[in-house]
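**Student:** My questions will all concern the structure given below.
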Amino acid sequence: MSDLRVDLDEIKFNLRGVADLDGVAALPGFEHVEADLVDDLLAEAARFAEEVIAPLNRDGDLIGARHGDDGQVVTTPGFAAAYAAYVEAGWGAVTADPDYGGGGFPHLVGAAIEEMITTASMAWSLCPLLTQGAVALLSAFGSGEQKALYLPRLVSGEWTGTMNLTEPEAGSDLGAVTTRAVPRPDGSYRLTGTKIFITYGEHDLAPNIVHMVLARTPGAPPGTKGLSCFIVPKHLPDSDGEPGARNDVRCVSIEHKLGIHASPTCVMSYGDGDGAVGWLIGAENDGMRYMFKMMNLARLSVGLEGVAIAERSYQQALAYARQRRQGRAPGGEPAAIIEHPDVARMLLDMRSTICAMRGLAYRNAEALDRAGREPDPDARRAADERAALLTPLTKAWATDTGCELAGVGLQVHGGMGYVEETGSAQHYRDARIAPIYEGTNGIQAIDLVSRKLAIRDGGAAADLLSDAAATVEALAAADRRAGLDPVRRHLRAAVTATAQATRWLLRASPEARLAGAAPYLEMLAVTTAGAALADGALARGSAADRAVLARFFASNRLARVPGRLAAVTEPGPDLAAATRGVLAG
Ligand SMILES: Cc1cc2nc3c(=O)[nH]c(=O)nc-3n(C[C@H](O)[C@H](O)[C@H](O)COP(=O)(O)OP(=O)(O)OC[C@H]3O[C@@H](n4cnc5c(N)ncnc54)[C@H](O)[C@@H]3O)c2cc1C
């Protein structure tokens with residue numbers, strides 16, 4: 001058994017009191033999503049996360065994944081058995097299309113389950129996460145034949161999937177991808193090239209691995225417009241669809257990393273011999289469009305990693321603070337450190353901020369469900385815009401803050417946090433990858449101020465801020481005894497400052513807009529998440545604790561938002577000059 005206790009009440013509250021699971025369940029196609037069924041599913045997922053996955057987390061860090069001379073990757077002892085149990089229980093299939101063996105549940109429910117499993121072990125969770133990315137890609141753009149062959153096995157988890165985008169010279173700039181794919185008369189392609197940093201590119205959890213590979217066909221235009229997407233299985237399926245001949249793709253090595261030691265990060269070599277056999281997904285040169293389509297889901301998943309790691313770190317810090325005695329409480333008695341106001345401050349910062357992050361992420365998931373299922377085209381378009389806007393906020397803010405809070409959790413332990421024994425340092429190290437992969441947080445901020453702010457010339461951002469302003473109104477109308485007046489004040493100031501930053505960015509030069517992108521993302525994310533937390537405190541049946549959390553977040557984090565306006569509007573000229581001045585060699 002591990003020390004993890006999934007906070008099921010908190011998760012359920014966020015699904016219904018902050019996001020609108022009941023409204024989502026009423027959408028066409030979700031008729032089977034009954035409240036009792038969802039609750040049973042969540043309870044069972046919590047048990048699975050606590051009892052099956054969480055106990056593996058420590059060994060995953062200490063033992064990690066190993067690369068053998070034969071190119072095999074051996075995962076941490078216990079990982080394969082847990083993966084078999086995951087497949088057996090059908091956890092990977094919950095949100096997938098029922099036509100391919102999926103449960104057809106909303107992303108909102110999937111997000112809650114994903115959070116639990118990631119809280120249990122982020123390194124373990126990455127294999128299913130990447131597989132779900134491959135499922136989303138094939139479901140949206142695969143041919144009938146490709147779907148029939150691969151989807152049932154990927155949905156069940158019998159085979160796993162990967163995303164092969166990054167190359168040594170092509171990270172944030174995928175336009176520099178050089179992996180080649182040459183067509184053959186039989187309709188297949190032969191791929192040659194090297195991919196790096198491929199999560200679970202090789203492992204011993206499943207009999208086949210299906211790689212989704214970005215590559216360039218002969219004569220393709222340069223840059224991202226010339227990228228195509230291919231299916232390259234480790235074993236070519238035989239006539240019965242079973243894993244057959246070994247394909248010409250190998251894991252050459254795995255990386256030694258700061259954290260997530262149990263997740264093999266592979267260098268993949270394609271075509272050391274005749275070329276790896278692959279099949280085109282959709283049309284040539286359309287690969288980036290397909291990747292963009294499924295990025296929303298993948299980026300939400302990474303944002304949830306920020307929530308999950310912060311939650312795990314919080315639970316551990318709370319337990320430690322209750323038992324570690326040091327100094328005297330204000331009354332003079334020997335004290336558990338939780339009684340010191342500064343330690344309580346750290347823990348309450350963690351708890352309130354995690355709640356705000358979760359609210360943001362779940363509303364993001366809800367927007368994705370509505371964007372796919374709202375019967376009214378206007379409502380569908382509005383939800384699509386909302387999901388597009390919330391995704392970089394969730395991905396970047398929740399992961400940056402996840403790192404920050406994992407640092408706070410470590411701080412609560414004092415010196416014992418810095419030594420590896422307590423395990424708090426693992427969360428700090430594991431959390432650090434999430435702001436980097438799936439588009440760095442810098443790239444998220446650029447996406448926000450360029451593509452997302454451009455939606456209806458700032459209209460989508462204005463709509464989001466008017467929803468937060470409506471929360472300010474609701475707070476003003478709330479019973480004074482609820483004690484939410486500080487929340488109203490700080491939220492109102494945050495909305496005003498963020499609206500001002502939005503107007504400024506819409507008029508700014510492209511350079512000035514990029515210079516202010518990251519602090520603007522923070523302003524919009526904290527304001528949106530603060531509004532979600534306040535809505536939770538206002539929700540019917542909400543406990544008094546929710547007012548405490550909303551108040552603390554308001555005075556501790558929302559109150560900083562107006563102070564960030566200068567970081568959006570002022571540094572542009574200095575940043576432009578710095579590369580020629582203070583940063584010049
Ligand atoms: C553990 C791990 C797992 C990974 N898993 C996968 C995987 O499964 N599949 C896969 O394909 N990839 C994977 N990646 C790769 C990951 O997505 C990239 O590392 C990431 O996209 C950044 O690319 P890069 O490392 O080349 O950094 P660079 O692109 O070199 O970026 C370096 C810095 O420059 C900034 N920067 C770059 N370009 C710009 C710009 N135009 N404007 C402003 N700032 C910019 C970045 O924000 C960053 O701070 C993984 C990486 C790691 C470390």
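Residue names in the structure tokens use chain letters A, B, ... in the order shown, residue numbers from 1 in each chain, and ligand numbers from 1 in the order shown.
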Report the closest atom pair, with its distance in Å rounded to one decimal, for each residue of chain A that has an atom no farther than 7 Å from ligand 1; count only C-alpha atoms and all ligand atoms, sort by chain and then rising residue number, and write it as a Markdown table.
**Tutor:**
```
| residue | atom | partner | partner_atom_place_in_ligand_line | distance |
| --- | --- | --- | --- | --- |
| A:Thr162 | CA | ligand 1 | 8 (O) | 6.2 |
| A:Met163 | CA | ligand 1 | 9 (N) | 4.7 |
| A:Asn164 | CA | ligand 1 | 11 (O) | 4.2 |
| A:Leu165 | CA | ligand 1 | 11 (O) | 3.4 |
| A:Thr166 | CA | ligand 1 | 11 (O) | 3.9 |
| A:Pro168 | CA | ligand 1 | 26 (O) | 6.9 |
| A:Glu169 | CA | ligand 1 | 26 (O) | 6.9 |
| A:Ala170 | CA | ligand 1 | 26 (O) | 5.9 |
| A:Gly171 | CA | ligand 1 | 26 (O) | 3.1 |
| A:Ser172 | CA | ligand 1 | 29 (O) | 3.6 |
| A:Asp173 | CA | ligand 1 | 29 (O) | 6.1 |
| A:Ile196 | CA | ligand 1 | 12 (N) | 6.8 |
| A:Phe197 | CA | ligand 1 | 50 (C) | 4.4 |
| A:Ile198 | CA | ligand 1 | 8 (O) | 3.9 |
| A:Thr199 | CA | ligand 1 | 8 (O) | 3.8 |
| A:Thr265 | CA | ligand 1 | 3 (C) | 5.7 |
| A:Ile433 | CA | ligand 1 | 1 (C) | 6.1 |
| A:Ile436 | CA | ligand 1 | 20 (C) | 5.6 |
| A:Tyr437 | CA | ligand 1 | 17 (O) | 3.8 |
| A:Glu438 | CA | ligand 1 | 17 (O) | 4.7 |
| A:Gly439 | CA | ligand 1 | 21 (O) | 4.7 |
| A:Thr440 | CA | ligand 1 | 47 (O) | 4.8 |
| A:Asn441 | CA | ligand 1 | 47 (O) | 6.2 |
| A:Gly442 | CA | ligand 1 | 47 (O) | 4.3 |
| A:Ile443 | CA | ligand 1 | 47 (O) | 5.5 |
```
**Student:** Would you tabulate, counting only C-alpha atoms, all residues of segment 128-245 of chain A that have an atom at most 6 Å from an atom of segment 286-298 of chain A, showing the closest pair of atoms and their distance in Å to one decimal, sorted by chain then ascending number, as a tab-separated table?
**Tutor:**
```
residue	atom	partner	partner_atom	distance
A:Leu227	CA	A:Gly287	CA	5.2
A:Ser228	CA	A:Gly287	CA	4.0
A:Cys229	CA	A:Gly287	CA	4.6
```
**Student:** Pick out the residues sitting within 12 Å of Pro264 of chain A, and hand them over as number ranges by chain; count only C-alpha atoms, and ignore anything fewer than 4 positions along from it in its own chain.
**Tutor:** A: 60-61, 63-67, 72-76, 123-127, 162, 196-205, 251-257, 259-260, 268
**Student:** Would you output that residue set with N, CA and C atoms, as a short mmCIF file (atom, residue, chain, number, x, y, z; two decimals), in the first residue's frame?
**Tutor:**
```cif
data_model
loop_
_atom_site.label_atom_id
_atom_site.label_comp_id
_atom_site.auth_asym_id
_atom_site.auth_seq_id
_atom_site.Cartn_x
_atom_site.Cartn_y
_atom_site.Cartn_z
N GLY A 60 9.85 3.15 -9.22
CA GLY A 60 9.99 3.75 -10.56
C GLY A 60 11.09 4.80 -10.55
N ASP A 61 11.15 5.55 -9.48
CA ASP A 61 12.18 6.59 -9.37
C ASP A 61 13.55 5.98 -9.10
N ILE A 63 14.63 2.71 -9.39
CA ILE A 63 15.14 1.68 -10.32
C ILE A 63 15.04 2.20 -11.77
N GLY A 64 13.92 2.79 -12.09
CA GLY A 64 13.74 3.38 -13.42
C GLY A 64 13.64 2.34 -14.53
N ALA A 65 13.80 2.80 -15.76
CA ALA A 65 13.78 1.91 -16.92
C ALA A 65 15.23 1.67 -17.36
N ARG A 66 15.49 0.47 -17.91
CA ARG A 66 16.85 0.14 -18.34
C ARG A 66 16.86 -0.24 -19.81
N HIS A 67 17.95 0.14 -20.49
CA HIS A 67 18.10 -0.19 -21.90
C HIS A 67 19.12 -1.30 -22.01
N GLN A 72 16.34 -3.79 -26.23
CA GLN A 72 15.12 -3.92 -25.43
C GLN A 72 15.14 -2.89 -24.31
N VAL A 73 13.96 -2.48 -23.88
CA VAL A 73 13.86 -1.61 -22.71
C VAL A 73 13.10 -2.39 -21.63
N VAL A 74 13.69 -2.48 -20.47
CA VAL A 74 13.06 -3.20 -19.36
C VAL A 74 12.51 -2.16 -18.39
N THR A 75 11.22 -2.23 -18.14
CA THR A 75 10.62 -1.25 -17.22
C THR A 75 10.81 -1.70 -15.77
N THR A 76 10.46 -0.83 -14.86
CA THR A 76 10.61 -1.09 -13.42
C THR A 76 9.79 -2.33 -13.03
N ALA A 123 5.21 8.78 -14.07
CA ALA A 123 6.03 8.05 -15.05
C ALA A 123 5.25 6.88 -15.64
N TRP A 124 4.47 6.20 -14.82
CA TRP A 124 3.67 5.07 -15.33
C TRP A 124 2.57 5.58 -16.25
N SER A 125 1.97 6.71 -15.87
CA SER A 125 0.78 7.21 -16.59
C SER A 125 1.10 7.61 -18.03
N LEU A 126 2.38 7.85 -18.32
CA LEU A 126 2.70 8.39 -19.64
C LEU A 126 2.47 7.40 -20.77
N CYS A 127 2.61 6.11 -20.49
CA CYS A 127 2.40 5.13 -21.56
C CYS A 127 0.93 5.15 -22.03
N THR A 162 2.76 5.75 -29.57
CA THR A 162 3.72 6.81 -29.26
C THR A 162 3.53 7.97 -30.22
N ILE A 196 14.17 11.72 -31.43
CA ILE A 196 14.70 11.70 -30.06
C ILE A 196 13.58 12.02 -29.06
N PHE A 197 13.85 11.70 -27.81
CA PHE A 197 12.94 12.02 -26.70
C PHE A 197 11.58 11.33 -26.84
N ILE A 198 11.55 10.13 -27.38
CA ILE A 198 10.25 9.49 -27.62
C ILE A 198 9.82 8.70 -26.39
N THR A 199 8.77 9.18 -25.75
CA THR A 199 8.26 8.59 -24.51
C THR A 199 7.68 7.20 -24.78
N TYR A 200 8.17 6.23 -24.02
CA TYR A 200 7.77 4.82 -24.18
C TYR A 200 7.91 4.36 -25.64
N GLY A 201 8.97 4.86 -26.31
CA GLY A 201 9.24 4.42 -27.68
C GLY A 201 9.57 2.93 -27.73
N GLU A 202 10.05 2.39 -26.62
CA GLU A 202 10.32 0.95 -26.51
C GLU A 202 10.07 0.57 -25.06
N HIS A 203 9.53 -0.63 -24.85
CA HIS A 203 9.25 -1.09 -23.47
C HIS A 203 8.83 -2.55 -23.52
N ASP A 204 8.58 -3.09 -22.34
CA ASP A 204 8.19 -4.51 -22.27
C ASP A 204 6.77 -4.68 -21.71
N LEU A 205 5.94 -3.67 -21.90
CA LEU A 205 4.59 -3.72 -21.32
C LEU A 205 3.57 -4.36 -22.28
N CYS A 251 15.05 1.16 -30.77
CA CYS A 251 15.44 2.11 -29.73
C CYS A 251 16.95 1.99 -29.53
N VAL A 252 17.66 3.05 -29.84
CA VAL A 252 19.12 3.01 -29.78
C VAL A 252 19.61 3.24 -28.35
N SER A 253 18.94 4.11 -27.64
CA SER A 253 19.34 4.38 -26.25
C SER A 253 18.18 5.07 -25.53
N ILE A 254 18.30 5.16 -24.21
CA ILE A 254 17.32 5.96 -23.47
C ILE A 254 18.08 7.03 -22.67
N GLU A 255 17.36 8.11 -22.36
CA GLU A 255 18.00 9.25 -21.70
C GLU A 255 18.09 9.05 -20.18
N HIS A 256 19.12 9.65 -19.59
CA HIS A 256 19.23 9.73 -18.11
C HIS A 256 18.69 11.09 -17.73
N LYS A 257 17.64 11.12 -16.92
CA LYS A 257 16.90 12.37 -16.76
C LYS A 257 16.81 12.82 -15.30
N GLY A 259 13.98 13.57 -13.76
CA GLY A 259 12.84 12.91 -13.11
C GLY A 259 12.20 11.90 -14.04
N ILE A 260 10.95 11.52 -13.70
CA ILE A 260 10.21 10.45 -14.40
C ILE A 260 11.17 9.35 -14.90
N MET A 268 15.02 6.92 -31.21
CA MET A 268 14.50 5.90 -32.12
C MET A 268 15.18 6.03 -33.48
#
```
**Student:** Let me make sure I understand: among A:Pro435, A:Gly483, A:Pro185, A:Gly536, which one has the smallest atom-to-atom distance to Cys403 of chain A if we use only C-alpha atoms?
**Tutor:**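 Under the stated criterion, the closest residue is A:Pro435.
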**Student:** Rounded to one decimal place, report the atom CA of Gln315 of chain A-atom CA of His413 of chain A distance in Å.
**Tutor:**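 Separation of atom CA of Gln315 of chain A and atom CA of His413 of chain A: 12.0 Å.
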**Student:** Please list as a compact mmCIF listing (two decimals) with N, CA and C atoms, in the first residue's frame every residue within 12 Å of Gln146 of chain A, counting only C-alpha atoms and excluding residues in the same chain fewer than 2 positions away.
**Tutor:**
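Listing of part.txt after writing:
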```
# COMPACT_ATOMS: atom_id res chain seq x y z
N TYR A 100 -15.18 1.07 -31.39
CA TYR A 100 -13.88 0.38 -31.33
C TYR A 100 -13.60 -0.16 -29.93
N ALA A 134 -2.45 8.53 -29.72
CA ALA A 134 -2.49 7.79 -30.98
C ALA A 134 -3.94 7.42 -31.33
N VAL A 135 -4.73 7.06 -30.32
CA VAL A 135 -6.15 6.73 -30.56
C VAL A 135 -6.88 7.95 -31.11
N LEU A 137 -5.68 10.51 -32.72
CA LEU A 137 -5.20 10.81 -34.08
C LEU A 137 -5.83 9.86 -35.10
N LEU A 138 -5.79 8.57 -34.81
CA LEU A 138 -6.34 7.60 -35.76
C LEU A 138 -7.86 7.71 -35.86
N SER A 139 -8.51 7.97 -34.72
CA SER A 139 -9.98 8.08 -34.75
C SER A 139 -10.40 9.23 -35.65
N ALA A 140 -9.64 10.35 -35.60
CA ALA A 140 -10.05 11.52 -36.36
C ALA A 140 -9.63 11.43 -37.82
N PHE A 141 -8.48 10.84 -38.11
CA PHE A 141 -7.94 10.96 -39.47
C PHE A 141 -7.56 9.65 -40.14
N GLY A 142 -7.63 8.53 -39.42
CA GLY A 142 -7.25 7.25 -40.02
C GLY A 142 -8.27 6.80 -41.05
N SER A 143 -7.84 5.93 -41.99
CA SER A 143 -8.78 5.35 -42.96
C SER A 143 -9.61 4.29 -42.23
N GLY A 144 -10.68 3.83 -42.88
CA GLY A 144 -11.52 2.78 -42.29
C GLY A 144 -10.69 1.56 -41.95
N ALA A 148 -9.90 -0.04 -38.31
CA ALA A 148 -10.32 -1.41 -37.98
C ALA A 148 -9.13 -2.22 -37.47
N LEU A 149 -7.95 -1.99 -38.06
CA LEU A 149 -6.78 -2.79 -37.68
C LEU A 149 -6.19 -2.38 -36.33
N TYR A 150 -6.07 -1.05 -36.14
CA TYR A 150 -5.31 -0.59 -34.96
C TYR A 150 -6.17 -0.16 -33.78
N LEU A 151 -7.31 0.45 -34.06
CA LEU A 151 -8.03 1.07 -32.93
C LEU A 151 -8.47 0.09 -31.84
N PRO A 152 -9.06 -1.06 -32.20
CA PRO A 152 -9.50 -1.93 -31.09
C PRO A 152 -8.35 -2.30 -30.16
N ARG A 153 -7.15 -2.52 -30.72
CA ARG A 153 -6.01 -2.93 -29.88
C ARG A 153 -5.42 -1.77 -29.10
N LEU A 154 -5.48 -0.58 -29.69
CA LEU A 154 -4.97 0.59 -28.95
C LEU A 154 -5.96 1.04 -27.89
N VAL A 210 2.80 1.07 -31.54
CA VAL A 210 2.42 1.70 -32.80
C VAL A 210 2.87 3.15 -32.77
N PHE A 230 2.60 9.30 -40.30
CA PHE A 230 2.63 7.88 -40.66
C PHE A 230 2.41 6.99 -39.45
N ILE A 231 1.82 5.82 -39.74
CA ILE A 231 1.73 4.75 -38.73
C ILE A 231 2.91 3.82 -38.98
N VAL A 232 3.74 3.62 -37.97
CA VAL A 232 4.88 2.69 -38.11
C VAL A 232 4.85 1.74 -36.91
N PRO A 233 4.30 0.54 -37.09
CA PRO A 233 4.27 -0.40 -35.96
C PRO A 233 5.62 -1.06 -35.73
N PRO A 237 1.61 -5.95 -38.52
CA PRO A 237 0.50 -6.88 -38.27
C PRO A 237 0.43 -7.94 -39.38
N GLY A 241 -3.92 -9.85 -38.20
CA GLY A 241 -3.83 -8.64 -37.37
C GLY A 241 -2.98 -8.84 -36.14
N GLY A 278 5.92 2.02 -43.21
CA GLY A 278 4.89 2.87 -42.60
C GLY A 278 3.74 3.10 -43.56
N TRP A 279 2.64 3.54 -43.01
CA TRP A 279 1.46 3.84 -43.84
C TRP A 279 1.00 5.26 -43.54
N LEU A 280 0.69 5.97 -44.61
CA LEU A 280 0.29 7.37 -44.50
C LEU A 280 -1.07 7.48 -43.80
N ILE A 281 -1.18 8.43 -42.90
CA ILE A 281 -2.50 8.77 -42.31
C ILE A 281 -3.02 9.97 -43.10
N GLY A 282 -4.24 9.86 -43.62
CA GLY A 282 -4.85 10.99 -44.36
C GLY A 282 -4.06 11.31 -45.62
```
**Student:** Using DSSP on the backbone coordinates, identify the residues of segment 232-362 of chain A assigned to strand (DSSP E); present them as a ChimeraX atom specification.
**Tutor:** /A:232-233,235-237,243-246,249-254,265-270,276-281,325-328,334-336
**Student:** Would you put the residues from that selection into a file with C-alpha atoms, as a CSV table (one decimal), in the first residue's frame?
**Tutor:**
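Written output follows (result-v8.csv):
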```
chain,number,residue,atom,x,y,z
A,232,VAL,CA,4.9,2.7,-38.1
A,233,PRO,CA,4.3,-0.4,-36.0
A,235,HIS,CA,5.8,-5.4,-35.5
A,236,LEU,CA,4.0,-5.4,-38.8
A,237,PRO,CA,0.5,-6.9,-38.3
A,243,PRO,CA,2.1,-8.8,-34.3
A,244,GLY,CA,4.2,-10.3,-37.2
A,245,ALA,CA,7.6,-9.5,-38.7
A,246,ARG,CA,9.9,-7.0,-36.8
A,249,VAL,CA,12.7,0.7,-36.2
A,250,ARG,CA,14.8,0.4,-33.0
A,251,CYS,CA,15.4,2.1,-29.7
A,252,VAL,CA,19.1,3.0,-29.8
A,253,SER,CA,19.3,4.4,-26.2
A,254,ILE,CA,17.3,6.0,-23.5
A,265,THR,CA,12.7,8.5,-23.2
A,266,CYS,CA,14.0,6.9,-26.3
A,267,VAL,CA,16.2,7.7,-29.2
A,268,MET,CA,14.5,5.9,-32.1
A,269,SER,CA,16.3,4.9,-35.3
A,270,TYR,CA,14.2,4.4,-38.4
A,276,ALA,CA,10.9,1.2,-41.7
A,277,VAL,CA,7.5,0.2,-43.2
A,278,GLY,CA,4.9,2.9,-42.6
A,279,TRP,CA,1.5,3.8,-43.8
A,280,LEU,CA,0.3,7.4,-44.5
A,281,ILE,CA,-2.5,8.8,-42.3
A,325,ARG,CA,7.4,18.5,16.0
A,326,GLN,CA,9.6,21.5,16.1
A,327,GLY,CA,9.5,24.7,18.2
A,328,ARG,CA,6.5,25.9,20.2
A,334,PRO,CA,5.6,21.9,21.8
A,335,ALA,CA,4.1,22.0,18.3
A,336,ALA,CA,3.6,19.9,15.2
```
**Student:** Using only C-alpha atoms, pick whichever of A:Leu214, A:Val109, A:Val18, A:Val472 has the shortest atom-to-atom distance to Asp39 of chain A.
**Tutor:**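 The answer is A:Val109, which sits nearest to Asp39 of chain A.
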**Student:** Please compute the atom CA of Ala515 of chain A-atom CA of Leu453 of chain A distance, one decimal, in Å.
**Tutor:**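 About the pair atom CA of Ala515 of chain A and atom CA of Leu453 of chain A: they are 14.7 Å apart.
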**Student:** Between A:Ala206, A:Gly271, A:Asp369, A:Tyr189, which residue has the minimum interatomic distance to Ala382 of chain A, considering only C-alpha atoms?
**Tutor:**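 Of the candidates, the smallest distance to Ala382 of chain A is held by A:Asp369.
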**Student:** Counting only C-alpha atoms, figure out which residue out of A:Arg429, A:Lys395, A:Arg373, A:Arg47 gets nearest to Met122 of chain A.
**Tutor:**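 The shortest atom-to-atom distance to Met122 of chain A comes from A:Arg429.
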**Student:** Mind pulling up the distance from atom CA of Thr399 of chain A to atom CA of Ala262 of chain A?
**Tutor:** 19.6 Å
**Student:** Got a sec: who's within 10 Å of segment 349-355 of chain A, counting only C-alpha atoms, leaving out chain neighbours fewer than 3 positions off, as a PyMOL selection string?
**Tutor:** chain A and resi 10-11+14+306-311+313-315+317-318+343-346+358-361+398+401-402+404-406+408-409+526+529-530+532-533+536+546+548-554+556-557
**Student:** Write a file of the selected residues as a CSV table (one decimal), in the first residue's frame, keeping C-alpha atoms.
**Tutor:**
```csv
chain,number,residue,atom,x,y,z
A,10,GLU,CA,-12.8,17.0,-4.1
A,11,ILE,CA,-12.7,15.6,-7.6
A,14,ASN,CA,-15.1,19.9,-9.2
A,306,GLY,CA,0.7,19.7,-13.0
A,307,VAL,CA,-2.4,19.3,-10.9
A,308,ALA,CA,-1.6,15.6,-10.1
A,309,ILE,CA,2.0,16.1,-9.0
A,310,ALA,CA,1.1,19.1,-6.9
A,311,GLU,CA,-1.6,17.0,-5.2
A,313,SER,CA,3.3,16.6,-3.1
A,314,TYR,CA,0.6,18.3,-1.0
A,315,GLN,CA,-0.6,15.1,0.6
A,317,ALA,CA,3.7,17.6,2.9
A,318,LEU,CA,0.5,17.7,4.9
A,343,VAL,CA,3.8,26.2,7.5
A,344,ALA,CA,0.0,26.5,7.5
A,345,ARG,CA,0.4,29.3,4.9
A,346,MET,CA,2.5,27.0,2.6
A,358,ARG,CA,-8.2,21.5,-11.0
A,359,GLY,CA,-11.2,23.8,-11.7
A,360,LEU,CA,-9.5,25.3,-14.7
A,361,ALA,CA,-8.5,21.9,-16.1
A,398,ALA,CA,-0.9,24.4,-14.2
A,401,THR,CA,2.5,26.1,-10.8
A,402,GLY,CA,2.8,22.4,-10.4
A,404,GLU,CA,6.3,25.7,-7.9
A,405,LEU,CA,4.0,23.8,-5.5
A,406,ALA,CA,6.1,20.7,-5.6
A,408,VAL,CA,6.6,24.3,-1.6
A,409,GLY,CA,5.8,20.7,-0.6
A,526,VAL,CA,-4.9,33.0,-12.5
A,529,ALA,CA,-8.8,29.8,-12.2
A,530,GLY,CA,-9.7,32.2,-9.4
A,532,ALA,CA,-13.6,28.9,-11.0
A,533,LEU,CA,-12.6,28.6,-7.4
A,536,GLY,CA,-17.1,26.6,-6.4
A,546,ARG,CA,-14.5,26.5,0.0
A,548,VAL,CA,-11.5,29.7,3.0
A,549,LEU,CA,-9.8,28.3,-0.1
A,550,ALA,CA,-11.3,31.0,-2.3
A,551,ARG,CA,-10.3,33.8,0.1
A,552,PHE,CA,-6.8,32.5,0.5
A,553,PHE,CA,-6.2,32.1,-3.2
A,554,ALA,CA,-7.7,35.6,-3.7
A,556,ASN,CA,-2.4,35.2,-2.1
A,557,ARG,CA,-2.5,34.9,-5.9
```
**Student:** Got a sec: who's within 7 Å of Gly275 of chain A, counting only C-alpha atoms, leaving out chain neighbours fewer than 5 positions off, as a list in words?
**Tutor:**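 Contacts, with the query itself left out: Arg190, Leu191, Thr192, Asp248 and Tyr270 of chain A.
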**Student:** So which one's closest to Pro28 of chain A, A:Asp463, A:Glu374, A:Asp7, A:Asp59? Using only C-alpha atoms, please.
**Tutor:**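 Comparing A:Asp463, A:Glu374, A:Asp7, A:Asp59 against Pro28 of chain A, the winner is A:Glu374.
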**Student:** Using only C-alpha atoms, determine which residues lie at most 6 Å from Ala365 of chain A, disregarding the query and same-chain residues fewer than 3 positions distant; provide the list as a PyMOL selection string.
**Tutor:** chain A and resi 107-108+362+368
**Student:** For those residues, write N, CA and C atoms to a file as an mmCIF file, in the first residue's frame.
**Tutor:**
```cif
data_model
loop_
_atom_site.group_PDB
_atom_site.id
_atom_site.type_symbol
_atom_site.label_atom_id
_atom_site.label_comp_id
_atom_site.auth_asym_id
_atom_site.auth_seq_id
_atom_site.Cartn_x
_atom_site.Cartn_y
_atom_site.Cartn_z
ATOM 1 N N HIS A 107 -14.781 13.509 -21.981
ATOM 2 C CA HIS A 107 -13.404 13.836 -21.610
ATOM 3 C C HIS A 107 -13.341 14.292 -20.157
ATOM 4 N N LEU A 108 -14.414 14.918 -19.695
ATOM 5 C CA LEU A 108 -14.448 15.408 -18.321
ATOM 6 C C LEU A 108 -14.252 14.256 -17.329
ATOM 7 N N TYR A 362 -10.652 21.096 -15.418
ATOM 8 C CA TYR A 362 -11.916 20.383 -15.657
ATOM 9 C C TYR A 362 -12.840 21.215 -16.561
ATOM 10 N N LEU A 368 -14.050 20.927 -24.215
ATOM 11 C CA LEU A 368 -13.743 19.975 -25.292
ATOM 12 C C LEU A 368 -14.946 19.067 -25.564
#
```
**Student:** Write out as a PyMOL selection string the set of residues from segment 141-372 of chain A that DSSP, computed on the backbone, places in alpha helix (DSSP H).
**Tutor:** chain A and resi 141+144-156+287-323+341-372
**Student:** Counting only C-alpha atoms, which residues in segment 529-561 of chain A sit no more than 12 Å from segment 497-509 of chain A? For each one, give the nearest pair of atoms and the distance in Å, sorted by chain then residue number, as JSON lines.
**Tutor:**
```
{"residue": "A:Leu558", "atom": "CA", "partner": "A:Ala497", "partner_atom": "CA", "distance": 10.8}
{"residue": "A:Ala559", "atom": "CA", "partner": "A:Ala497", "partner_atom": "CA", "distance": 10.6}
{"residue": "A:Arg560", "atom": "CA", "partner": "A:Ala497", "partner_atom": "CA", "distance": 10.4}
{"residue": "A:Val561", "atom": "CA", "partner": "A:Ala497", "partner_atom": "CA", "distance": 7.2}
```
**Student:** Ranking A:Ala468, A:Val177, A:Gln316, A:Arg363 by minimum distance to Gln411 of chain A and counting only C-alpha atoms, which one comes first?
**Tutor:** A:Gln316
